>>> print(open('structure10.cif').read())   # mmCIF, C-alpha atoms and all ligand atoms
data_query
loop_
_atom_site.label_atom_id
_atom_site.label_comp_id
_atom_site.auth_asym_id
_atom_site.auth_seq_id
_atom_site.Cartn_x
_atom_site.Cartn_y
_atom_site.Cartn_z
CA MET A 1 -18.38 22.70 6.91
CA THR A 2 -18.80 20.00 4.28
CA ASN A 3 -18.36 16.36 5.16
CA PRO A 4 -15.12 14.67 4.11
CA SER A 5 -15.66 12.76 0.86
CA LEU A 6 -14.61 9.19 0.16
CA LEU A 7 -14.83 7.23 -3.07
CA ILE A 8 -14.95 3.48 -2.46
CA LEU A 9 -13.72 1.22 -5.25
CA ALA A 10 -14.09 -2.28 -3.80
CA GLY A 11 -12.95 -4.06 -6.97
CA ASP A 12 -12.72 -7.81 -7.41
CA GLY A 13 -12.32 -11.07 -5.49
CA ILE A 14 -12.04 -10.43 -1.76
CA GLY A 15 -12.05 -6.64 -2.39
CA PRO A 16 -15.82 -6.26 -1.78
CA GLU A 17 -15.66 -8.68 1.19
CA VAL A 18 -13.01 -6.73 3.10
CA MET A 19 -14.55 -3.40 2.08
CA ALA A 20 -17.89 -4.42 3.63
CA GLU A 21 -16.05 -4.51 6.98
CA VAL A 22 -14.56 -1.06 6.42
CA ARG A 23 -18.10 0.19 5.79
CA LYS A 24 -18.98 -0.96 9.32
CA ILE A 25 -16.17 1.20 10.70
CA ILE A 26 -17.21 4.17 8.57
CA ASP A 27 -20.81 3.76 9.80
CA TRP A 28 -19.54 3.51 13.38
CA TYR A 29 -17.87 6.92 12.97
CA GLY A 30 -21.20 8.33 11.77
CA THR A 31 -23.31 6.97 14.62
CA LYS A 32 -20.84 6.99 17.52
CA ARG A 33 -18.46 9.86 16.79
CA GLY A 34 -20.60 12.22 14.73
CA VAL A 35 -18.10 12.06 11.86
CA THR A 36 -20.04 11.55 8.65
CA PHE A 37 -18.23 10.78 5.45
CA ASP A 38 -19.87 11.43 2.07
CA VAL A 39 -19.32 8.00 0.61
CA SER A 40 -19.75 7.19 -3.06
CA GLU A 41 -19.03 3.87 -4.71
CA ASP A 42 -17.90 2.86 -8.15
CA LEU A 43 -16.24 0.08 -10.12
CA VAL A 44 -12.59 -0.65 -10.80
CA GLY A 45 -10.78 -3.66 -12.25
CA GLY A 46 -12.46 -6.77 -13.60
CA CYS A 47 -15.95 -5.72 -12.48
CA ALA A 48 -15.55 -2.40 -14.36
CA TYR A 49 -14.32 -4.30 -17.41
CA ASP A 50 -17.38 -6.58 -17.26
CA LYS A 51 -19.71 -3.57 -17.22
CA HIS A 52 -17.90 -1.01 -19.39
CA GLY A 53 -15.23 -2.93 -21.34
CA THR A 54 -12.56 -0.93 -19.51
CA PRO A 55 -11.05 -1.47 -16.04
CA LEU A 56 -11.55 2.21 -15.17
CA HIS A 57 -14.27 4.33 -16.75
CA ASP A 58 -13.39 7.98 -17.41
CA ASP A 59 -16.25 9.07 -15.13
CA THR A 60 -14.75 7.02 -12.29
CA MET A 61 -11.35 8.57 -12.94
CA ALA A 62 -12.93 12.03 -12.75
CA LYS A 63 -14.68 11.18 -9.47
CA ALA A 64 -11.39 9.94 -8.00
CA GLN A 65 -9.77 13.28 -8.83
CA ASP A 66 -12.58 15.08 -7.09
CA VAL A 67 -12.81 13.42 -3.66
CA ASP A 68 -10.75 13.90 -0.50
CA ALA A 69 -9.65 10.25 -0.59
CA VAL A 70 -10.14 7.04 -2.54
CA LEU A 71 -10.39 3.69 -0.76
CA LEU A 72 -9.67 0.66 -2.94
CA GLY A 73 -10.14 -3.05 -2.20
CA ALA A 74 -8.30 -5.17 -4.76
CA VAL A 75 -8.38 -5.87 -8.48
CA GLY A 76 -7.75 -8.83 -10.73
CA GLY A 77 -8.57 -12.48 -11.07
CA PRO A 78 -7.89 -15.52 -13.23
CA LYS A 79 -10.89 -14.75 -15.42
CA TYR A 80 -9.07 -11.70 -16.76
CA ASP A 81 -5.54 -13.09 -17.00
CA SER A 82 -5.59 -13.53 -20.77
CA LEU A 83 -6.90 -10.03 -21.55
CA ASP A 84 -4.68 -7.57 -23.40
CA PHE A 85 -2.51 -5.49 -21.05
CA SER A 86 -4.33 -2.31 -21.98
CA ILE A 87 -7.60 -3.58 -20.49
CA LYS A 88 -6.45 -5.86 -17.68
CA PRO A 89 -7.95 -5.10 -14.22
CA GLU A 90 -4.51 -4.05 -12.93
CA ARG A 91 -4.42 -1.27 -15.55
CA GLY A 92 -7.34 0.39 -13.76
CA LEU A 93 -5.31 0.67 -10.59
CA LEU A 94 -2.17 1.77 -12.43
CA ARG A 95 -4.17 4.49 -14.21
CA LEU A 96 -5.49 5.80 -10.89
CA ARG A 97 -1.96 5.95 -9.47
CA LYS A 98 -0.54 7.62 -12.58
CA GLU A 99 -3.27 10.17 -13.29
CA MET A 100 -3.64 11.15 -9.63
CA ASP A 101 0.18 11.34 -9.58
CA LEU A 102 0.39 9.34 -6.35
CA TYR A 103 4.14 9.11 -6.27
CA ALA A 104 4.73 8.16 -2.62
CA ASN A 105 3.35 4.79 -1.55
CA LEU A 106 3.61 4.33 2.21
CA ARG A 107 3.61 0.68 3.25
CA PRO A 108 4.06 0.37 7.01
CA ALA A 109 4.94 -3.06 8.41
CA GLN A 110 4.09 -3.29 12.07
CA CYS A 111 4.09 -6.50 14.03
CA PHE A 112 1.24 -6.57 16.52
CA ASP A 113 2.38 -8.10 19.83
CA ALA A 114 -0.27 -10.81 19.66
CA LEU A 115 1.12 -12.00 16.31
CA ALA A 116 4.83 -12.01 17.18
CA ASP A 117 4.67 -15.77 17.74
CA PHE A 118 2.90 -16.34 14.49
CA SER A 119 5.47 -14.91 12.04
CA SER A 120 7.54 -17.40 10.07
CA LEU A 121 10.55 -15.67 11.65
CA LYS A 122 11.66 -16.04 15.27
CA LYS A 123 9.71 -13.99 17.79
CA ASP A 124 12.61 -11.75 18.88
CA VAL A 125 13.30 -10.86 15.22
CA VAL A 126 9.81 -9.41 14.69
CA ALA A 127 8.43 -8.48 18.13
CA GLY A 128 7.87 -4.72 18.25
CA LEU A 129 8.72 -4.30 14.56
CA ASP A 130 7.63 -0.95 13.13
CA ILE A 131 9.11 -0.02 9.76
CA MET A 132 7.86 2.09 6.87
CA ILE A 133 8.58 1.28 3.25
CA VAL A 134 8.17 4.22 0.90
CA ARG A 135 7.74 2.87 -2.60
CA GLU A 136 7.93 5.18 -5.63
CA LEU A 137 4.63 4.53 -7.41
CA THR A 138 4.27 6.45 -10.66
CA SER A 139 7.41 5.72 -12.63
CA GLY A 140 10.24 3.22 -13.08
CA VAL A 141 9.86 -0.01 -15.00
CA TYR A 142 6.09 -0.02 -14.46
CA PHE A 143 5.65 2.94 -16.79
CA GLY A 144 8.92 3.41 -18.76
CA GLU A 145 8.89 3.44 -22.57
CA PRO A 146 9.60 1.57 -24.77
CA ARG A 147 7.56 -1.36 -23.57
CA GLY A 148 5.86 -4.21 -25.34
CA ILE A 149 6.40 -7.53 -27.05
CA PHE A 150 8.12 -6.99 -30.39
CA LYS A 151 9.28 -9.14 -33.26
CA GLU A 152 13.06 -9.33 -33.62
CA GLY A 153 14.20 -11.54 -36.49
CA ASN A 154 12.28 -14.76 -36.13
CA GLU A 155 11.57 -14.53 -32.41
CA ARG A 156 9.74 -12.17 -30.10
CA VAL A 157 11.29 -9.96 -27.47
CA GLY A 158 9.57 -8.60 -24.36
CA ILE A 159 10.71 -5.13 -23.34
CA ASN A 160 10.17 -2.94 -20.29
CA THR A 161 12.20 0.11 -19.48
CA GLN A 162 13.44 1.24 -16.09
CA ARG A 163 13.47 5.04 -16.19
CA TYR A 164 13.74 7.67 -13.46
CA THR A 165 14.16 11.43 -13.76
CA GLU A 166 15.95 13.40 -11.07
CA SER A 167 12.78 15.21 -10.05
CA GLU A 168 10.90 11.91 -9.67
CA ILE A 169 13.60 10.64 -7.33
CA GLU A 170 13.80 13.94 -5.45
CA ARG A 171 10.12 14.15 -4.61
CA VAL A 172 9.78 10.61 -3.27
CA ALA A 173 13.05 11.03 -1.36
CA ARG A 174 11.62 14.16 0.31
CA SER A 175 8.47 12.25 1.33
CA ALA A 176 10.66 9.56 2.89
CA PHE A 177 12.94 12.03 4.69
CA GLU A 178 9.91 13.88 6.07
CA LEU A 179 8.48 10.62 7.43
CA ALA A 180 11.84 9.64 8.90
CA ARG A 181 11.94 12.95 10.79
CA LYS A 182 8.58 12.13 12.39
CA ARG A 183 9.74 8.63 13.32
CA GLY A 184 13.21 7.26 14.20
CA ASN A 185 15.11 9.78 12.02
CA LYS A 186 16.72 7.02 9.95
CA LEU A 187 16.37 6.44 6.22
CA CYS A 188 17.77 3.59 4.14
CA SER A 189 17.59 3.95 0.35
CA MET A 190 17.60 0.77 -1.75
CA GLU A 191 18.47 0.30 -5.44
CA LYS A 192 20.96 -1.64 -7.52
CA ALA A 193 23.55 1.03 -8.27
CA ASN A 194 26.04 -1.79 -8.86
CA VAL A 195 24.29 -2.86 -12.07
CA MET A 196 21.76 -0.20 -13.09
CA GLU A 197 22.35 3.40 -14.22
CA SER A 198 18.95 4.35 -12.84
CA GLY A 199 20.23 3.03 -9.51
CA VAL A 200 23.38 5.17 -9.73
CA LEU A 201 21.25 8.26 -10.32
CA TRP A 202 18.82 7.22 -7.57
CA ARG A 203 21.63 6.94 -5.02
CA GLU A 204 23.22 10.24 -6.07
CA VAL A 205 19.96 12.20 -5.91
CA VAL A 206 18.83 10.73 -2.55
CA GLN A 207 22.27 11.55 -1.10
CA ARG A 208 22.08 15.13 -2.42
CA VAL A 209 18.58 15.69 -1.03
CA GLY A 210 19.82 14.33 2.30
CA ASP A 211 22.96 16.49 2.38
CA THR A 212 21.22 19.70 1.39
CA GLU A 213 17.79 19.44 3.03
CA TYR A 214 17.89 16.73 5.72
CA PRO A 215 21.39 16.61 7.20
CA ASP A 216 19.78 15.72 10.57
CA VAL A 217 18.39 12.42 9.20
CA GLU A 218 20.75 9.45 9.30
CA LEU A 219 20.93 8.23 5.67
CA SER A 220 22.30 4.92 4.42
CA HIS A 221 22.22 3.10 1.09
CA MET A 222 21.87 -0.59 0.40
CA TYR A 223 21.64 -2.74 -2.71
CA ALA A 224 18.05 -3.97 -2.91
CA ASP A 225 18.99 -7.66 -2.96
CA ALA A 226 21.05 -7.22 0.21
CA GLY A 227 18.14 -5.20 1.58
CA ALA A 228 15.81 -8.18 1.11
CA MET A 229 18.30 -10.33 2.99
CA GLN A 230 18.65 -7.79 5.82
CA LEU A 231 14.87 -7.44 6.06
CA THR A 232 14.57 -11.11 6.94
CA ARG A 233 17.79 -11.26 9.00
CA TRP A 234 17.19 -8.30 11.34
CA PRO A 235 14.32 -6.08 10.17
CA LYS A 236 14.44 -3.89 13.28
CA GLN A 237 17.64 -2.25 11.99
CA PHE A 238 15.37 -0.24 9.64
CA ASP A 239 13.14 2.75 10.28
CA VAL A 240 12.13 4.15 6.89
CA ILE A 241 13.13 2.52 3.60
CA VAL A 242 12.80 4.35 0.27
CA THR A 243 12.97 2.43 -2.95
CA ASP A 244 11.72 2.31 -6.53
CA ASN A 245 8.44 1.00 -7.88
CA LEU A 246 9.41 -2.62 -8.61
CA PHE A 247 11.78 -3.21 -5.68
CA GLY A 248 9.16 -1.61 -3.42
CA ASP A 249 6.52 -4.02 -4.69
CA LEU A 250 8.69 -7.02 -3.83
CA LEU A 251 10.11 -5.74 -0.56
CA SER A 252 6.69 -4.79 0.78
CA ASP A 253 5.24 -8.27 0.19
CA LEU A 254 8.29 -9.63 1.98
CA ALA A 255 7.77 -7.18 4.84
CA ALA A 256 4.13 -8.26 5.04
CA MET A 257 5.18 -11.69 6.16
CA LEU A 258 7.22 -10.19 9.00
CA THR A 259 3.90 -8.99 10.40
CA GLY A 260 2.30 -12.44 10.11
CA SER A 261 0.14 -12.22 6.99
CA LEU A 262 -0.33 -10.33 3.76
CA GLY A 263 -3.84 -9.75 5.10
CA MET A 264 -2.39 -7.35 7.69
CA LEU A 265 -0.57 -4.78 5.56
CA PRO A 266 -2.23 -1.43 4.67
CA SER A 267 -0.95 1.28 2.37
CA ALA A 268 -1.39 4.95 1.54
CA SER A 269 -0.54 6.33 -1.88
CA LEU A 270 0.00 10.06 -1.64
CA GLY A 271 0.50 12.82 -4.21
CA ALA A 272 0.91 16.56 -4.18
CA PRO A 273 -1.26 18.68 -1.84
CA MET A 274 -4.72 19.68 -3.11
CA ALA A 275 -6.33 23.10 -2.62
CA ASN A 276 -7.30 22.12 0.95
CA GLY A 277 -3.68 21.38 1.80
CA ARG A 278 -4.23 17.62 2.17
CA PRO A 279 -2.44 15.31 -0.28
CA LYS A 280 -4.21 13.60 -3.16
CA ALA A 281 -4.63 10.14 -1.78
CA LEU A 282 -5.66 6.57 -2.39
CA TYR A 283 -5.68 3.95 0.37
CA GLU A 284 -5.57 0.23 -0.28
CA PRO A 285 -4.40 -2.99 1.32
CA VAL A 286 -1.12 -4.34 -0.05
CA HIS A 287 -2.71 -7.71 -0.85
CA GLY A 288 -4.55 -8.61 -4.03
CA SER A 289 -7.94 -10.09 -4.85
CA ALA A 290 -6.95 -13.53 -3.44
CA PRO A 291 -8.99 -15.61 -5.92
CA ASP A 292 -8.10 -18.78 -3.98
CA ILE A 293 -10.23 -17.72 -1.00
CA ALA A 294 -12.71 -15.26 -2.58
CA GLY A 295 -16.38 -15.76 -1.74
CA GLN A 296 -15.69 -18.01 1.25
CA GLY A 297 -15.72 -15.51 4.12
CA LYS A 298 -12.09 -16.33 4.86
CA ALA A 299 -10.42 -13.03 3.97
CA ASN A 300 -8.73 -11.01 6.68
CA PRO A 301 -10.23 -7.49 6.56
CA ILE A 302 -7.55 -5.95 8.80
CA ALA A 303 -5.28 -4.66 5.98
CA CYS A 304 -8.23 -2.81 4.48
CA ILE A 305 -9.42 -1.51 7.87
CA LEU A 306 -5.90 -0.29 8.68
CA SER A 307 -5.83 1.40 5.26
CA PHE A 308 -8.91 3.36 6.35
CA ALA A 309 -7.01 4.23 9.56
CA MET A 310 -4.24 5.63 7.35
CA ALA A 311 -6.88 7.72 5.56
CA LEU A 312 -7.97 9.13 8.93
CA ARG A 313 -4.34 10.03 9.66
CA TYR A 314 -3.10 11.36 6.32
CA SER A 315 -6.22 12.73 4.60
CA PHE A 316 -8.49 13.80 7.46
CA ASP A 317 -6.09 15.01 10.15
CA MET A 318 -7.63 12.56 12.62
CA GLY A 319 -4.46 10.96 13.96
CA ALA A 320 -6.04 10.18 17.33
CA GLU A 321 -8.91 8.36 15.58
CA ALA A 322 -6.41 6.40 13.48
CA ASP A 323 -4.75 5.39 16.76
CA ARG A 324 -8.17 4.32 18.04
CA VAL A 325 -8.79 2.01 15.05
CA GLU A 326 -5.28 0.55 15.34
CA ALA A 327 -5.80 -0.05 19.05
CA ALA A 328 -9.10 -1.80 18.32
CA VAL A 329 -7.29 -4.12 15.88
CA ALA A 330 -4.58 -4.79 18.50
CA LYS A 331 -7.29 -5.60 21.06
CA VAL A 332 -9.11 -8.20 18.97
CA LEU A 333 -5.81 -9.87 18.14
CA ALA A 334 -4.82 -9.83 21.81
CA ASP A 335 -8.20 -11.41 22.58
CA GLY A 336 -7.11 -14.31 20.36
CA LEU A 337 -9.47 -13.69 17.44
CA ARG A 338 -7.97 -14.90 14.17
CA THR A 339 -9.06 -15.20 10.57
CA ALA A 340 -7.83 -18.32 8.75
CA ASP A 341 -4.64 -16.69 7.43
CA LEU A 342 -3.56 -16.04 11.04
CA MET A 343 -3.92 -19.64 12.21
CA GLY A 344 -0.72 -21.52 12.88
CA PRO A 345 -0.05 -25.13 11.85
CA GLU A 346 -1.62 -26.28 15.11
CA GLY A 347 -4.93 -25.00 13.73
CA GLY A 348 -7.84 -23.75 15.80
CA ALA A 349 -11.17 -22.20 15.00
CA PRO A 350 -10.85 -19.24 12.64
CA ILE A 351 -13.48 -16.53 12.56
CA THR A 352 -14.98 -15.17 9.35
CA THR A 353 -14.30 -11.89 7.60
CA SER A 354 -17.55 -10.49 8.89
CA GLN A 355 -16.98 -11.69 12.47
CA MET A 356 -13.58 -9.98 12.45
CA GLY A 357 -15.21 -6.71 11.32
CA ASP A 358 -17.87 -7.01 14.03
CA ALA A 359 -15.22 -7.70 16.68
CA ILE A 360 -13.27 -4.59 15.67
CA VAL A 361 -16.46 -2.49 15.84
CA ALA A 362 -17.14 -3.92 19.32
CA ALA A 363 -13.57 -3.03 20.34
CA LEU A 364 -14.18 0.51 19.07
CA ASP A 365 -17.27 0.67 21.29
CA THR A 366 -15.25 -0.24 24.35
CA SER A 367 -12.73 2.49 23.49
CA LEU A 368 -15.33 5.22 24.15
P1 LIG B 1 -2.86 -11.99 -3.49
O1 LIG B 1 -2.33 -10.94 -2.59
O2 LIG B 1 -4.22 -11.80 -4.03
O3 LIG B 1 -2.80 -13.40 -2.73
C1 LIG B 1 -1.59 -14.00 -2.30
C2 LIG B 1 -1.91 -15.02 -1.18
O4 LIG B 1 -2.23 -14.31 0.02
C3 LIG B 1 -3.12 -15.90 -1.48
O5 LIG B 1 -2.90 -17.19 -0.98
C4 LIG B 1 -4.25 -15.23 -0.73
O6 LIG B 1 -5.28 -16.12 -0.33
C5 LIG B 1 -3.53 -14.65 0.48
N1 LIG B 1 -4.19 -13.39 0.92
C6 LIG B 1 -4.11 -12.19 0.31
N2 LIG B 1 -4.86 -11.30 0.97
C7 LIG B 1 -5.42 -11.95 2.00
C8 LIG B 1 -6.32 -11.55 3.02
N3 LIG B 1 -6.79 -10.29 3.15
N4 LIG B 1 -6.72 -12.48 3.91
C9 LIG B 1 -6.27 -13.74 3.85
N5 LIG B 1 -5.41 -14.17 2.90
C10 LIG B 1 -5.01 -13.29 1.98
O7 LIG B 1 -1.81 -12.12 -4.68
P2 LIG B 1 -1.86 -13.03 -6.02
O8 LIG B 1 -2.56 -14.32 -5.73
O9 LIG B 1 -0.49 -13.01 -6.52
O10 LIG B 1 -2.75 -12.18 -7.01
C11 LIG B 1 -4.14 -12.40 -7.24
C12 LIG B 1 -4.70 -11.28 -8.13
O11 LIG B 1 -4.65 -10.05 -7.40
C13 LIG B 1 -3.89 -11.05 -9.40
O12 LIG B 1 -4.80 -10.76 -10.42
C14 LIG B 1 -3.04 -9.84 -9.07
O13 LIG B 1 -2.67 -9.08 -10.19
C15 LIG B 1 -3.97 -9.07 -8.17
N6 LIG B 1 -3.31 -8.15 -7.24
C16 LIG B 1 -3.95 -6.98 -7.01
C17 LIG B 1 -3.45 -6.09 -6.08
C18 LIG B 1 -4.20 -4.83 -5.84
O14 LIG B 1 -5.34 -4.72 -6.22
N7 LIG B 1 -3.61 -3.86 -5.18
C19 LIG B 1 -2.29 -6.40 -5.37
C20 LIG B 1 -1.65 -7.64 -5.61
C21 LIG B 1 -2.18 -8.53 -6.56
C1 LIG B 2 0.49 -3.94 -5.50
C2 LIG B 2 0.12 -4.84 -6.67
C3 LIG B 2 0.09 -4.01 -7.94
C4 LIG B 2 1.52 -3.59 -8.26
C5 LIG B 2 -0.54 -4.65 -9.19
C6 LIG B 2 -1.87 -5.24 -8.91
C7 LIG B 2 -0.63 -3.64 -10.29
O1 LIG B 2 0.96 -5.93 -6.74
O2 LIG B 2 -0.19 -2.92 -5.30
O3 LIG B 2 1.43 -4.26 -4.77
O4 LIG B 2 2.29 -4.37 -8.86
O5 LIG B 2 1.87 -2.45 -7.92
MN MN B 3 2.34 -6.09 -5.02
#
>>> encode(input="structure10.cif", output="structure tokens", more="lines below")
Ligand code: NAD
Ligand code: IPM
Ligand code: MN
Amino acid sequence: MTNPSLLILAGDGIGPEVMAEVRKIIDWYGTKRGVTFDVSEDLVGGCAYDKHGTPLHDDTMAKAQDVDAVLLGAVGGPKYDSLDFSIKPERGLLRLRKEMDLYANLRPAQCFDALADFSSLKKDVVAGLDIMIVRELTSGVYFGEPRGIFKEGNERVGINTQRYTESEIERVARSAFELARKRGNKLCSMEKANVMESGVLWREVVQRVGDTEYPDVELSHMYADAGAMQLTRWPKQFDVIVTDNLFGDLLSDLAAMLTGSLGMLPSASLGAPMANGRPKALYEPVHGSAPDIAGQGKANPIACILSFAMALRYSFDMGAEADRVEAAVAKVLADGLRTADLMGPEGGAPITTSQMGDAIVAALDTSL
């Protein structure tokens, strides 16, 4: 049997710092569990632009299409902010999502017990929280045409287009219903059907998929603005949430703070099944390149490590090993270890990115 293959695209800013900690976990699997991944590395984002003049080289795109899973750190940085849209670091990531057709972006927000006190919300609001946001990732206003900045009379106009086809809505709805079935059997769909035609269609199609294929799943609909309010008021009312590309981007950053820090939230971007039956997949933390703390050893590597755990679960059929990594993260947090982003106003002594990675590896050792 061939080894599972992984393409690592660490990217910019804290991307390489958090990815170095994931490498420790991958190496641990090789030495302690006899699970060897064929790991290759390449560039994406600003670092790819610096080398090739493009945020994603065609060869890298081809490699991504060829592996069992891609693991990405983060892209972007102030140095690249004034570049044309077509060559910005973020375009590299958007191209990967689009060309791999990764339409279902799973963003789980789980509050670890040890962090329940740390959230900006009251402890009983977040303790035990376990929700899953399914964000549509390959369409909507991120990709709709026309787009651009155009001249209109003697001023300029910036245009983006929100656009969804029925089949795009159907497929992401199915992914969300399937997940709901494996969890609490509840799905809430969010759009703005009160003001947007694309929202009207979204609601109609999700309802139809529910009625015809998933009548056993409890389905509700909510306007996305009210959804944001409900997510902060009483997030535990939700199980799975399905929403479009832009609302999903916003709501998942909001959900991150329910868990304590943006440095905690992993994600899996999944597409259609490949020949081996596993979905096309890219795993990445929800956070960005965090230029404000890059290069200082302050980044929390947990979001990236938990993204690797999602790869174990969704790409490699190693659910029990994903549980093991998640338990190791829970253990180090329960032991009181904290990176700087997880320190409260009372302060304390934060550990570094690398110390957090080492602690998680040590916790994995004790799990054997
Ligand atoms: P960001 O997520 O990079 O940072 C927001 C805040 O959260 C910062 O204060 C940062 O220090 C903190 N933070 C983020 N991740 C952290 C971690 N692991 N540990 C500790 N603290 C962490 O968002 P931003 O500042 O709005 O964007 C910075 C750049 O990243 C931009 O160029 C943006 O386009 C890009 N970005 C990339 C991705 C991605 O690659 N998937 C996602 C979001 C933003
Ligand atoms: C995310 C990021 C990306 C997005 C950017 C970097 C393109 O914010 O993954 O949440 O907007 O989707
Ligand atoms: Mn985002």
>>> closest_atom_pairs(input="structure10.cif", of="chain A", to="ligand LIG 1 (chain B)", cutoff="8 Å", atoms="all atoms listed in the file", output="CSV")
residue,atom,partner,partner_atom,distance
A:Gly11,CA,B:LIG1,O14,7.7
A:Gly13,CA,B:LIG1,O11,8.0
A:Ile14,CA,B:LIG1,N3,7.2
A:Gly15,CA,B:LIG1,O14,8.0
A:Val18,CA,B:LIG1,N3,7.2
A:Leu72,CA,B:LIG1,O14,7.6
A:Gly73,CA,B:LIG1,O14,6.5
A:Ala74,CA,B:LIG1,O14,3.3
A:Val75,CA,B:LIG1,O14,4.0
A:Gly76,CA,B:LIG1,O12,3.5
A:Gly77,CA,B:LIG1,O12,4.2
A:Pro78,CA,B:LIG1,O12,6.3
A:Tyr80,CA,B:LIG1,O12,7.7
A:Asp81,CA,B:LIG1,O12,7.0
A:Pro89,CA,B:LIG1,O12,7.5
A:Glu90,CA,B:LIG1,O13,6.0
A:Leu93,CA,B:LIG1,O14,6.9
A:Ser261,CA,B:LIG1,N5,7.2
A:Leu262,CA,B:LIG1,N2,5.4
A:Gly263,CA,B:LIG1,N3,3.6
A:Met264,CA,B:LIG1,N3,7.0
A:Glu284,CA,B:LIG1,N7,6.7
A:Pro285,CA,B:LIG1,N7,6.6
A:Val286,CA,B:LIG1,N7,5.7
A:His287,CA,B:LIG1,O1,3.7
A:Gly288,CA,B:LIG1,O2,3.2
A:Ser289,CA,B:LIG1,O11,4.2
A:Ala290,CA,B:LIG1,O2,3.3
A:Pro291,CA,B:LIG1,C11,6.0
A:Asp292,CA,B:LIG1,O6,5.3
A:Ile293,CA,B:LIG1,O6,5.2
A:Ala294,CA,B:LIG1,O6,7.8
A:Lys298,CA,B:LIG1,C9,6.4
A:Ala299,CA,B:LIG1,N4,3.7
A:Asn300,CA,B:LIG1,N4,3.7
A:Pro301,CA,B:LIG1,N3,5.6
A:Ile302,CA,B:LIG1,N3,7.2
A:Ala303,CA,B:LIG1,N3,6.5
A:Cys304,CA,B:LIG1,N3,7.7
A:Thr339,CA,B:LIG1,C9,7.4
A:Ala340,CA,B:LIG1,C9,6.9
A:Asp341,CA,B:LIG1,C9,4.9
>>> write_last_selection(input="structure10.cif", atoms="C-alpha atoms", output="PDB file, in the frame of the given file")
ATOM      1  CA  GLY A  11     -12.950  -4.060  -6.970  1.00  0.00           C
ATOM      2  CA  GLY A  13     -12.320 -11.070  -5.490  1.00  0.00           C
ATOM      3  CA  ILE A  14     -12.040 -10.430  -1.760  1.00  0.00           C
ATOM      4  CA  GLY A  15     -12.050  -6.640  -2.390  1.00  0.00           C
ATOM      5  CA  VAL A  18     -13.010  -6.730   3.100  1.00  0.00           C
ATOM      6  CA  LEU A  72      -9.670   0.660  -2.940  1.00  0.00           C
ATOM      7  CA  GLY A  73     -10.140  -3.050  -2.200  1.00  0.00           C
ATOM      8  CA  ALA A  74      -8.300  -5.170  -4.760  1.00  0.00           C
ATOM      9  CA  VAL A  75      -8.380  -5.870  -8.480  1.00  0.00           C
ATOM     10  CA  GLY A  76      -7.750  -8.830 -10.730  1.00  0.00           C
ATOM     11  CA  GLY A  77      -8.570 -12.480 -11.070  1.00  0.00           C
ATOM     12  CA  PRO A  78      -7.890 -15.520 -13.230  1.00  0.00           C
ATOM     13  CA  TYR A  80      -9.070 -11.700 -16.760  1.00  0.00           C
ATOM     14  CA  ASP A  81      -5.540 -13.090 -17.000  1.00  0.00           C
ATOM     15  CA  PRO A  89      -7.950  -5.100 -14.220  1.00  0.00           C
ATOM     16  CA  GLU A  90      -4.510  -4.050 -12.930  1.00  0.00           C
ATOM     17  CA  LEU A  93      -5.310   0.670 -10.590  1.00  0.00           C
ATOM     18  CA  SER A 261       0.140 -12.220   6.990  1.00  0.00           C
ATOM     19  CA  LEU A 262      -0.330 -10.330   3.760  1.00  0.00           C
ATOM     20  CA  GLY A 263      -3.840  -9.750   5.100  1.00  0.00           C
ATOM     21  CA  MET A 264      -2.390  -7.350   7.690  1.00  0.00           C
ATOM     22  CA  GLU A 284      -5.570   0.230  -0.280  1.00  0.00           C
ATOM     23  CA  PRO A 285      -4.400  -2.990   1.320  1.00  0.00           C
ATOM     24  CA  VAL A 286      -1.120  -4.340  -0.050  1.00  0.00           C
ATOM     25  CA  HIS A 287      -2.710  -7.710  -0.850  1.00  0.00           C
ATOM     26  CA  GLY A 288      -4.550  -8.610  -4.030  1.00  0.00           C
ATOM     27  CA  SER A 289      -7.940 -10.090  -4.850  1.00  0.00           C
ATOM     28  CA  ALA A 290      -6.950 -13.530  -3.440  1.00  0.00           C
ATOM     29  CA  PRO A 291      -8.990 -15.610  -5.920  1.00  0.00           C
ATOM     30  CA  ASP A 292      -8.100 -18.780  -3.980  1.00  0.00           C
ATOM     31  CA  ILE A 293     -10.230 -17.720  -1.000  1.00  0.00           C
ATOM     32  CA  ALA A 294     -12.710 -15.260  -2.580  1.00  0.00           C
ATOM     33  CA  LYS A 298     -12.090 -16.330   4.860  1.00  0.00           C
ATOM     34  CA  ALA A 299     -10.420 -13.030   3.970  1.00  0.00           C
ATOM     35  CA  ASN A 300      -8.730 -11.010   6.680  1.00  0.00           C
ATOM     36  CA  PRO A 301     -10.230  -7.490   6.560  1.00  0.00           C
ATOM     37  CA  ILE A 302      -7.550  -5.950   8.800  1.00  0.00           C
ATOM     38  CA  ALA A 303      -5.280  -4.660   5.980  1.00  0.00           C
ATOM     39  CA  CYS A 304      -8.230  -2.810   4.480  1.00  0.00           C
ATOM     40  CA  THR A 339      -9.060 -15.200  10.570  1.00  0.00           C
ATOM     41  CA  ALA A 340      -7.830 -18.320   8.750  1.00  0.00           C
ATOM     42  CA  ASP A 341      -4.640 -16.690   7.430  1.00  0.00           C
TER      43      ASP A 341
END
>>> closest_residue(input="structure10.cif", among="A:Ser220, A:Gln230, A:Asn154, A:Thr138", to="ligand LIG 2 (chain B)", atoms="only C-alpha atoms and all ligand atoms")
A:Thr138
>>> closest_residue(input="structure10.cif", among="A:Asp130, A:Glu321, A:Asp58, A:Asp253", to="ligand LIG 2 (chain B)", atoms="all atoms listed in the file")
A:Asp253
